[in-house]
$ cat upload08.txt   # compact mmCIF, C-alpha atoms
# COMPACT_ATOMS: atom_id res chain seq x y z
CA MET A 1468 22.29 5.69 -17.74
CA SER A 1469 19.13 7.36 -16.48
CA ASN A 1470 16.48 5.63 -14.41
CA ILE A 1471 13.43 7.86 -14.68
CA LEU A 1472 10.55 7.35 -12.27
CA LYS A 1473 7.32 9.27 -12.80
CA VAL A 1474 5.85 10.25 -9.44
CA GLY A 1475 2.33 11.57 -8.93
CA ILE A 1476 1.58 13.90 -6.03
CA ILE A 1477 -1.80 15.09 -4.74
CA GLN A 1478 -2.19 18.29 -2.71
CA GLN A 1479 -5.83 18.43 -1.63
CA ALA A 1480 -8.19 20.55 0.50
CA ASN A 1481 -10.37 18.30 2.64
CA THR A 1482 -13.90 18.45 4.00
CA GLY A 1483 -15.65 16.59 6.80
CA ASP A 1484 -17.03 14.09 4.27
CA ILE A 1485 -14.60 11.16 4.29
CA ASP A 1486 -16.17 9.43 1.29
CA ASN A 1487 -15.95 12.64 -0.72
CA ASN A 1488 -12.29 13.16 0.19
CA ARG A 1489 -11.43 9.57 -0.65
CA ASN A 1490 -13.33 9.51 -3.93
CA ARG A 1491 -11.73 12.77 -5.07
CA LEU A 1492 -8.32 11.27 -4.31
CA ALA A 1493 -9.21 8.18 -6.33
CA GLU A 1494 -10.21 10.22 -9.37
CA LYS A 1495 -7.00 12.23 -9.15
CA MET A 1496 -4.95 9.05 -8.86
CA ARG A 1497 -6.63 7.70 -11.96
CA ARG A 1498 -5.65 10.82 -13.88
CA LEU A 1499 -2.08 10.66 -12.60
CA ALA A 1500 -1.80 7.01 -13.61
CA GLU A 1501 -3.16 7.86 -17.07
CA ASN A 1502 -0.36 10.43 -17.31
CA GLY A 1503 2.29 7.83 -16.57
CA ALA A 1504 2.75 7.96 -12.78
CA ARG A 1505 4.11 4.71 -11.36
CA LEU A 1506 4.28 5.97 -7.76
CA ILE A 1507 1.59 8.18 -6.20
CA VAL A 1508 2.12 9.99 -2.88
CA ASN A 1509 -0.72 11.40 -0.77
CA GLN A 1510 -0.75 13.93 2.07
CA GLU A 1511 -0.93 13.08 5.77
CA LEU A 1512 -4.26 11.73 7.12
CA HIS A 1513 -5.79 12.35 3.71
CA ASP A 1514 -9.18 10.75 4.28
CA SER A 1515 -10.50 13.24 6.85
CA LEU A 1516 -10.11 16.71 8.24
CA TYR A 1517 -7.02 17.19 10.40
CA PHE A 1518 -8.78 16.18 13.62
CA CYS A 1519 -5.81 16.84 15.94
CA GLN A 1520 -6.73 20.51 16.37
CA THR A 1521 -8.68 19.48 19.45
CA GLU A 1522 -8.65 16.63 21.98
CA SER A 1523 -11.73 14.43 21.87
CA THR A 1524 -11.97 10.71 22.54
CA ASP A 1525 -14.92 10.57 20.15
CA LEU A 1526 -12.55 11.34 17.29
CA CYS A 1527 -10.71 8.07 17.95
CA GLY A 1528 -13.64 6.55 16.11
CA LEU A 1529 -12.04 7.77 12.89
CA ALA A 1530 -9.30 5.15 13.26
CA VAL A 1531 -9.44 2.13 10.96
CA GLY A 1532 -8.24 -1.43 11.37
CA PHE A 1533 -5.72 -3.21 9.19
CA PRO A 1534 -7.28 -4.81 7.22
CA SER A 1535 -10.51 -2.86 6.81
CA LYS A 1536 -12.76 -1.41 4.12
CA THR A 1537 -10.35 1.52 3.96
CA THR A 1538 -7.28 -0.60 3.24
CA GLU A 1539 -9.34 -2.65 0.79
CA PHE A 1540 -10.28 0.57 -1.03
CA TYR A 1541 -6.67 1.61 -1.60
CA SER A 1542 -5.56 -1.94 -2.30
CA ALA A 1543 -8.15 -2.25 -5.06
CA LEU A 1544 -7.18 1.14 -6.46
CA ALA A 1545 -3.47 0.26 -6.61
CA ARG A 1546 -4.35 -3.02 -8.35
CA GLU A 1547 -6.72 -1.28 -10.79
CA LEU A 1548 -4.15 1.34 -11.77
CA GLY A 1549 -1.05 -0.85 -11.53
CA VAL A 1550 0.78 1.77 -9.46
CA VAL A 1551 2.44 1.96 -6.05
CA ILE A 1552 0.44 4.19 -3.67
CA VAL A 1553 1.69 5.82 -0.47
CA THR A 1554 -1.23 6.40 1.89
CA SER A 1555 -1.45 7.97 5.36
CA LEU A 1556 -4.03 6.42 7.69
CA PHE A 1557 -5.20 6.64 11.31
CA GLU A 1558 -4.50 3.07 12.41
CA ARG A 1559 -6.55 1.31 15.08
CA ARG A 1560 -4.09 -1.29 16.32
CA ALA A 1561 -6.11 -2.37 19.36
CA PRO A 1562 -8.84 -0.84 21.55
CA GLY A 1563 -7.46 2.48 22.76
CA LEU A 1564 -4.16 2.04 20.88
CA TYR A 1565 -3.69 4.07 17.70
CA HIS A 1566 -0.91 5.10 15.32
CA ASN A 1567 -0.38 7.62 12.55
CA THR A 1568 0.61 5.12 9.89
CA ALA A 1569 1.79 5.35 6.30
CA VAL A 1570 0.77 2.25 4.34
CA VAL A 1571 2.39 1.54 0.98
CA PHE A 1572 0.35 -0.50 -1.48
CA GLU A 1573 2.17 -2.40 -4.20
CA ALA A 1574 0.97 -2.24 -7.80
CA ASP A 1575 -0.71 -5.63 -7.44
CA GLY A 1576 -2.77 -4.39 -4.47
CA SER A 1577 -0.73 -6.10 -1.77
CA ILE A 1578 0.67 -4.16 1.18
CA ALA A 1579 4.38 -3.62 0.53
CA GLY A 1580 4.93 -2.28 4.03
CA LYS A 1581 3.97 0.34 6.58
CA TYR A 1582 5.65 2.97 8.69
CA ARG A 1583 4.31 4.23 12.02
CA LYS A 1584 5.12 7.89 12.67
CA MET A 1585 8.00 8.05 15.15
CA HIS A 1586 8.09 11.73 16.16
CA ILE A 1587 4.76 12.88 17.59
CA PRO A 1588 4.16 16.63 18.12
CA ASP A 1589 2.13 18.25 20.88
CA ASP A 1590 1.65 21.92 20.07
CA PRO A 1591 -1.37 24.25 20.02
CA ALA A 1592 -3.67 22.98 17.23
CA TYR A 1593 -1.45 19.91 16.74
CA TYR A 1594 -2.40 17.71 19.70
CA GLU A 1595 -1.14 14.48 18.17
CA LYS A 1596 0.18 12.94 21.39
CA PHE A 1597 -3.44 12.66 22.53
CA TYR A 1598 -4.22 10.33 19.60
CA PHE A 1599 -1.05 8.63 18.39
CA THR A 1600 1.24 6.16 20.08
CA PRO A 1601 4.84 6.70 18.87
CA GLY A 1602 5.87 4.29 16.16
CA ASP A 1603 7.62 1.03 17.02
CA LEU A 1604 8.71 -0.14 13.57
CA GLY A 1605 11.84 1.98 13.43
CA PHE A 1606 13.22 3.75 10.38
CA GLU A 1607 13.00 0.94 7.84
CA PRO A 1608 12.64 1.58 4.09
CA ILE A 1609 9.87 -0.22 2.22
CA ASP A 1610 10.81 -2.29 -0.81
CA THR A 1611 8.51 -1.85 -3.82
CA SER A 1612 8.54 -2.46 -7.55
CA VAL A 1613 9.55 1.19 -8.10
CA GLY A 1614 12.37 1.22 -5.57
CA ARG A 1615 13.19 1.25 -1.87
CA LEU A 1616 11.08 4.01 -0.30
CA GLY A 1617 12.16 5.90 2.82
CA VAL A 1618 8.66 6.79 4.00
CA LEU A 1619 8.41 9.12 6.99
CA VAL A 1620 5.52 11.33 8.17
CA CYS A 1621 5.24 15.10 8.76
CA TRP A 1622 6.93 15.95 12.11
CA ASP A 1623 9.63 13.41 11.21
CA GLN A 1624 10.70 15.83 8.48
CA TRP A 1625 12.40 18.15 11.00
CA TYR A 1626 14.79 15.44 12.24
CA PRO A 1627 17.99 14.77 10.28
CA GLU A 1628 18.47 11.51 12.21
CA ALA A 1629 15.32 10.00 10.66
CA ALA A 1630 16.36 10.85 7.10
CA ARG A 1631 19.92 9.65 7.73
CA LEU A 1632 18.84 6.29 9.12
CA MET A 1633 16.58 5.73 6.13
CA ALA A 1634 19.51 6.56 3.84
CA LEU A 1635 21.88 4.27 5.74
CA ARG A 1636 19.39 1.43 5.29
CA GLY A 1637 19.39 1.90 1.55
CA ALA A 1638 16.39 4.13 0.86
CA GLU A 1639 16.43 5.40 -2.73
CA MET A 1640 14.19 8.38 -2.00
CA LEU A 1641 12.70 10.16 1.02
CA ILE A 1642 8.92 10.62 1.19
CA TYR A 1643 6.97 12.79 3.64
CA PRO A 1644 3.15 12.86 3.72
CA THR A 1645 2.45 16.10 5.59
CA ALA A 1646 -0.21 18.25 7.28
CA ILE A 1647 1.27 21.60 8.29
CA GLY A 1648 0.06 25.17 8.09
CA TRP A 1649 -0.34 28.55 9.71
CA GLU A 1650 -2.38 29.37 12.80
CA SER A 1651 -4.48 32.48 12.22
CA SER A 1652 -2.75 34.63 14.86
CA ASP A 1653 0.71 34.30 13.28
CA ALA A 1654 2.08 37.49 11.73
CA ASP A 1655 2.83 37.45 8.01
CA ASP A 1656 6.60 37.60 8.49
CA GLU A 1657 6.42 34.69 10.94
CA LYS A 1658 4.33 32.70 8.48
CA SER A 1659 6.96 33.22 5.83
CA ARG A 1660 9.76 32.10 8.15
CA GLN A 1661 7.89 28.94 9.12
CA ARG A 1662 7.14 27.90 5.56
CA GLU A 1663 10.67 28.61 4.34
CA ALA A 1664 12.17 26.70 7.28
CA TRP A 1665 9.97 23.71 6.43
CA ILE A 1666 11.16 23.73 2.83
CA THR A 1667 14.80 24.40 3.70
CA VAL A 1668 15.23 21.66 6.30
CA GLN A 1669 13.88 19.04 3.91
CA ARG A 1670 16.06 20.21 1.03
CA GLY A 1671 18.92 19.81 3.50
CA HIS A 1672 17.94 16.17 4.07
CA ALA A 1673 18.02 15.58 0.32
CA ILE A 1674 21.47 17.17 0.05
CA ALA A 1675 22.99 15.55 3.14
CA ASN A 1676 21.91 12.09 2.00
CA GLY A 1677 22.21 12.50 -1.76
CA LEU A 1678 18.61 11.41 -2.31
CA PRO A 1679 15.53 12.80 -4.06
CA LEU A 1680 12.78 13.90 -1.69
CA ILE A 1681 9.00 14.12 -2.03
CA ALA A 1682 6.96 16.25 0.42
CA VAL A 1683 3.17 16.32 -0.04
CA ASN A 1684 1.18 18.72 2.15
CA ARG A 1685 -2.54 19.39 2.43
CA VAL A 1686 -3.96 22.82 1.58
CA GLY A 1687 -6.93 24.99 2.49
CA HIS A 1688 -8.45 26.27 5.74
CA GLU A 1689 -9.81 23.92 8.39
CA ASP A 1690 -11.75 25.28 11.37
CA ASP A 1691 -10.86 24.51 14.98
CA PRO A 1692 -13.94 22.64 16.31
CA SER A 1693 -13.25 23.97 19.82
CA ASN A 1694 -13.07 27.59 18.59
CA VAL A 1695 -10.01 28.12 20.79
CA THR A 1696 -8.00 29.14 17.72
CA GLY A 1697 -8.94 30.45 14.32
CA GLY A 1698 -8.14 27.10 12.76
CA ILE A 1699 -5.28 26.17 10.46
CA GLN A 1700 -4.57 27.46 6.97
CA PHE A 1701 -2.59 24.58 5.51
CA TRP A 1702 0.14 26.05 3.33
CA GLY A 1703 0.36 23.46 0.56
CA SER A 1704 3.73 24.15 -1.09
CA SER A 1705 4.27 20.46 -1.81
CA PHE A 1706 7.52 19.90 -3.65
CA VAL A 1707 9.92 17.40 -5.13
CA ALA A 1708 13.66 17.95 -4.76
CA GLY A 1709 16.60 16.19 -6.37
CA PRO A 1710 19.67 14.83 -4.54
CA GLN A 1711 21.35 18.25 -4.53
CA GLY A 1712 18.26 19.90 -3.10
CA GLU A 1713 17.28 21.31 -6.48
CA PHE A 1714 13.56 21.82 -7.04
CA LEU A 1715 12.04 19.45 -9.56
CA PHE A 1716 8.53 20.68 -8.79
CA LYS A 1717 6.83 23.25 -6.53
CA ALA A 1718 3.09 23.40 -5.84
CA PRO A 1719 1.24 26.61 -4.90
CA ASP A 1720 0.51 27.47 -1.27
CA ASP A 1721 -3.15 28.37 -1.76
CA LYS A 1722 -4.89 25.80 -3.95
CA GLU A 1723 -5.18 22.13 -4.78
CA CYS A 1724 -2.63 20.62 -7.09
CA GLU A 1725 -1.89 17.32 -8.75
CA ALA A 1726 1.18 16.68 -10.87
CA VAL A 1727 3.40 14.02 -12.37
CA VAL A 1728 7.08 14.70 -11.72
CA GLU A 1729 10.01 12.90 -13.30
CA ILE A 1730 12.80 11.83 -10.94
CA ASP A 1731 16.07 10.46 -12.29
CA LEU A 1732 17.01 7.94 -9.61
CA SER A 1733 20.41 7.34 -11.18
CA ARG A 1734 21.60 10.84 -10.22
CA SER A 1735 22.11 9.84 -6.58
CA GLU A 1736 25.10 7.70 -7.54
CA ASN A 1737 27.00 10.57 -9.15
CA VAL A 1738 25.99 13.11 -6.51
CA ARG A 1739 27.33 10.84 -3.78
CA ARG A 1740 30.58 10.47 -5.73
CA TRP A 1741 30.95 14.24 -5.98
CA TRP A 1742 29.87 14.84 -2.37
CA PRO A 1743 30.83 11.67 -0.44
CA PHE A 1744 29.18 12.63 2.83
CA LEU A 1745 28.51 9.02 3.78
CA ARG A 1746 32.16 8.13 3.21
CA ASP A 1747 33.47 10.97 5.39
CA ARG A 1748 31.16 10.58 8.35
CA ARG A 1749 33.08 10.28 11.65
CA ILE A 1750 31.02 7.42 13.05
CA ASP A 1751 33.63 6.92 15.76
CA ALA A 1752 32.80 10.33 17.23
CA TYR A 1753 29.00 10.41 17.17
CA GLY A 1754 28.20 8.52 20.38
CA GLY A 1755 26.65 11.59 21.93
CA LEU A 1756 23.77 11.46 19.48
CA LYS A 1757 22.18 8.76 21.62
CA SER A 1758 21.93 11.15 24.58
CA ARG A 1759 19.02 13.55 25.07
CA PHE A 1760 21.45 16.38 25.83
CA LEU A 1761 25.16 16.56 26.57
CA ASP A 1762 25.38 18.38 29.92

$ encode --input "upload08.txt" --output "structure tokens"
Amino acid sequence: MSNILKVGIIQQANTGDIDNNRNRLAEKMRRLAENGARLIVNQELHDSLYFCQTESTDLCGLAVGFPSKTTEFYSALARELGVVIVTSLFERRAPGLYHNTAVVFEADGSIAGKYRKMHIPDDPAYYEKFYFTPGDLGFEPIDTSVGRLGVLVCWDQWYPEAARLMALRGAEMLIYPTAIGWESSDADDEKSRQREAWITVQRGHAIANGLPLIAVNRVGHEDDPSNVTGGIQFWGSSFVAGPQGEFLFKAPDDKECEAVVEIDLSRSENVRRWWPFLRDRRIDAYGGLKSRFLD
């Protein structure tokens, strides 16, 4: 017996105007809800430009408290539309202490739960360690009226351990708000390899855990305020995969996109019967996974 969930995704190009970004998201969410979406997933740090291209303490002023006018905005929107919304916010936990936090709003406007990004990158144009304290909530799914959501964030998507732990704790789907793209100096063949690796590793998480997966990336070019690089061209390519890694939806890499995608949550049961990876895991032999490296 099928259990169809209609999921709305929003791939957006952002500007420096936070109110404009947020209001455009709200209008898109309204359209998605009108088209039957019961769960709506947004991209990483969706309210602003991707500010981590440079290191500036002034940019810490973008962080918002919980609760705040920002959380009230999305709470009211979830309540208005009667949908579950996955947001991605720059959390001000205390003075000088910030997290990259996904907040899930229940359809009645309450906060169903939050996830603080665990894996924090520090690469050219992605200086996230300057801003974000690593998460301390662990890999815990969030229970909602549409299911148990395994919400992770961007850099987490490269780590099979994160997806596995969400699956082992009963997540019914994996969700990744994302901000990733090409730096201007990358050659075209390298750009292609990066994008395909990003897609492939996540499809692997879906397959290895027998779960549907939703990855929502931003799109468009954002300048580097320091002018050290040519900025980032975010590659979009948001997608939804089923529990065998099959594509249920693929967004373009060069323009905004919003869509409602149907996911049959009941398929995970049969896929895990056919491919019983969880059954056959050799948990007695995996102790080395808790070491940084096995010398």

$ residues_around --input "upload08.txt" --residues "stretch 1684-1700 of chain A" --least-positions-apart "4" --cutoff "10 Å" --atoms "only C-alpha atoms" --output "MDAnalysis selection string"
chainID A and resid 1476:1483 1509:1513 1516:1523 1591:1593 1621 1643:1652 1704:1706 1718:1724

$ atom_distance --input "upload08.txt" --atom1 "atom CA of A:Leu1635" --atom2 "atom CA of A:Val1551"
22.9 Å

$ residues_around --input "upload08.txt" --residues "A:Val1570" --least-positions-apart "2" --cutoff "10 Å" --atoms "all atoms listed in the file" --output "CSV table (one decimal) with C-alpha atoms, in the frame of the given file"
chain,number,residue,atom,x,y,z
A,1533,PHE,CA,-5.7,-3.2,9.2
A,1538,THR,CA,-7.3,-0.6,3.2
A,1541,TYR,CA,-6.7,1.6,-1.6
A,1552,ILE,CA,0.4,4.2,-3.7
A,1553,VAL,CA,1.7,5.8,-0.5
A,1554,THR,CA,-1.2,6.4,1.9
A,1555,SER,CA,-1.4,8.0,5.4
A,1556,LEU,CA,-4.0,6.4,7.7
A,1558,GLU,CA,-4.5,3.1,12.4
A,1567,ASN,CA,-0.4,7.6,12.6
A,1568,THR,CA,0.6,5.1,9.9
A,1572,PHE,CA,0.4,-0.5,-1.5
A,1573,GLU,CA,2.2,-2.4,-4.2
A,1578,ILE,CA,0.7,-4.2,1.2
A,1579,ALA,CA,4.4,-3.6,0.5
A,1580,GLY,CA,4.9,-2.3,4.0
A,1581,LYS,CA,4.0,0.3,6.6
A,1582,TYR,CA,5.6,3.0,8.7
A,1583,ARG,CA,4.3,4.2,12.0
A,1609,ILE,CA,9.9,-0.2,2.2
A,1618,VAL,CA,8.7,6.8,4.0

$ atom_distance --input "upload08.txt" --atom1 "atom CA of A:Cys1527" --atom2 "atom CA of A:Asn1487"
19.9 Å

$ axis_aligned_box --input "upload08.txt" --around "stretch 1504-1513 of chain A" --padding-each-side "8 Å" --output "JSON"
{"center_x": -0.8, "center_y": 9.3, "center_z": -2.8, "size_x": 26.1, "size_y": 25.2, "size_z": 35.9}

$ atom_distance --input "upload08.txt" --atom1 "atom CA of A:Arg1498" --atom2 "atom CA of A:Leu1548"
9.8 Å

$ residues_around --input "upload08.txt" --residues "A:Pro1608" --least-positions-apart "5" --cutoff "12 Å" --atoms "only C-alpha atoms" --output "PyMOL selection string"
chain A and resi 1569-1571+1579-1583+1614-1619+1629-1642

$ closest_residue --input "upload08.txt" --among "A:Leu1756, A:Val1668, A:Ala1500, A:Val1508" --to "A:Val1683" --atoms "only C-alpha atoms"
A:Val1508

$ closest_residue --input "upload08.txt" --among "A:Ile1666, A:Ala1543, A:Val1727, A:Ile1587" --to "A:Ile1507" --atoms "all atoms listed in the file"
A:Val1727

$ closest_residue --input "upload08.txt" --among "A:Asp1655, A:Gly1677, A:Asn1737, A:Lys1473" --to "A:Pro1710" --atoms "only C-alpha atoms"
A:Gly1677

$ decode --input "upload08.txt" --residues "stretch 1549-1564 of chain A" --atoms "N, CA, C and O atoms" --output "PDB file, in the first residue's frame"
ATOM      1  N   GLY A1549      -0.374  25.324   6.583  1.00  0.00           N
ATOM      2  CA  GLY A1549      -0.642  23.990   7.087  1.00  0.00           C
ATOM      3  C   GLY A1549       0.328  22.954   6.550  1.00  0.00           C
ATOM      4  O   GLY A1549      -0.047  21.810   6.275  1.00  0.00           O
ATOM      5  N   VAL A1550       1.619  23.366   6.413  1.00  0.00           N
ATOM      6  CA  VAL A1550       2.644  22.472   5.879  1.00  0.00           C
ATOM      7  C   VAL A1550       3.844  22.446   6.827  1.00  0.00           C
ATOM      8  O   VAL A1550       4.032  23.357   7.643  1.00  0.00           O
ATOM      9  N   VAL A1551       4.643  21.398   6.709  1.00  0.00           N
ATOM     10  CA  VAL A1551       5.904  21.315   7.435  1.00  0.00           C
ATOM     11  C   VAL A1551       6.978  21.994   6.582  1.00  0.00           C
ATOM     12  O   VAL A1551       7.081  21.727   5.378  1.00  0.00           O
ATOM     13  N   ILE A1552       7.772  22.878   7.192  1.00  0.00           N
ATOM     14  CA  ILE A1552       8.789  23.632   6.462  1.00  0.00           C
ATOM     15  C   ILE A1552      10.164  23.362   7.070  1.00  0.00           C
ATOM     16  O   ILE A1552      10.350  23.501   8.285  1.00  0.00           O
ATOM     17  N   VAL A1553      11.111  23.000   6.216  1.00  0.00           N
ATOM     18  CA  VAL A1553      12.511  22.856   6.625  1.00  0.00           C
ATOM     19  C   VAL A1553      13.247  24.133   6.245  1.00  0.00           C
ATOM     20  O   VAL A1553      13.345  24.470   5.055  1.00  0.00           O
ATOM     21  N   THR A1554      13.733  24.847   7.257  1.00  0.00           N
ATOM     22  CA  THR A1554      14.474  26.079   7.025  1.00  0.00           C
ATOM     23  C   THR A1554      15.941  25.885   7.390  1.00  0.00           C
ATOM     24  O   THR A1554      16.311  24.916   8.054  1.00  0.00           O
ATOM     25  N   SER A1555      16.778  26.841   6.964  1.00  0.00           N
ATOM     26  CA  SER A1555      18.211  26.796   7.264  1.00  0.00           C
ATOM     27  C   SER A1555      18.641  28.186   7.686  1.00  0.00           C
ATOM     28  O   SER A1555      18.685  29.108   6.865  1.00  0.00           O
ATOM     29  N   LEU A1556      18.969  28.352   8.984  1.00  0.00           N
ATOM     30  CA  LEU A1556      19.183  29.680   9.550  1.00  0.00           C
ATOM     31  C   LEU A1556      20.549  29.797  10.223  1.00  0.00           C
ATOM     32  O   LEU A1556      21.131  28.805  10.669  1.00  0.00           O
ATOM     33  N   PHE A1557      21.044  31.012  10.281  1.00  0.00           N
ATOM     34  CA  PHE A1557      22.281  31.361  10.984  1.00  0.00           C
ATOM     35  C   PHE A1557      21.870  31.666  12.419  1.00  0.00           C
ATOM     36  O   PHE A1557      21.310  32.713  12.710  1.00  0.00           O
ATOM     37  N   GLU A1558      22.130  30.725  13.320  1.00  0.00           N
ATOM     38  CA  GLU A1558      21.637  30.818  14.690  1.00  0.00           C
ATOM     39  C   GLU A1558      22.611  31.561  15.603  1.00  0.00           C
ATOM     40  O   GLU A1558      23.786  31.196  15.708  1.00  0.00           O
ATOM     41  N   ARG A1559      22.100  32.567  16.294  1.00  0.00           N
ATOM     42  CA  ARG A1559      22.853  33.230  17.359  1.00  0.00           C
ATOM     43  C   ARG A1559      22.453  32.576  18.674  1.00  0.00           C
ATOM     44  O   ARG A1559      21.396  32.833  19.223  1.00  0.00           O
ATOM     45  N   ARG A1560      23.312  31.705  19.169  1.00  0.00           N
ATOM     46  CA  ARG A1560      23.009  30.974  20.393  1.00  0.00           C
ATOM     47  C   ARG A1560      23.337  31.794  21.637  1.00  0.00           C
ATOM     48  O   ARG A1560      22.634  31.738  22.654  1.00  0.00           O
ATOM     49  N   ALA A1561      24.420  32.541  21.561  1.00  0.00           N
ATOM     50  CA  ALA A1561      24.887  33.409  22.645  1.00  0.00           C
ATOM     51  C   ALA A1561      25.850  34.410  22.019  1.00  0.00           C
ATOM     52  O   ALA A1561      26.285  34.227  20.875  1.00  0.00           O
ATOM     53  N   PRO A1562      26.211  35.476  22.714  1.00  0.00           N
ATOM     54  CA  PRO A1562      27.174  36.421  22.139  1.00  0.00           C
ATOM     55  C   PRO A1562      28.457  35.705  21.705  1.00  0.00           C
ATOM     56  O   PRO A1562      29.098  35.011  22.493  1.00  0.00           O
ATOM     57  N   GLY A1563      28.780  35.829  20.414  1.00  0.00           N
ATOM     58  CA  GLY A1563      29.984  35.226  19.883  1.00  0.00           C
ATOM     59  C   GLY A1563      29.907  33.731  19.639  1.00  0.00           C
ATOM     60  O   GLY A1563      30.907  33.105  19.292  1.00  0.00           O
ATOM     61  N   LEU A1564      28.723  33.144  19.793  1.00  0.00           N
ATOM     62  CA  LEU A1564      28.550  31.697  19.610  1.00  0.00           C
ATOM     63  C   LEU A1564      27.415  31.455  18.619  1.00  0.00           C
ATOM     64  O   LEU A1564      26.258  31.757  18.913  1.00  0.00           O
TER      65      LEU A1564
END
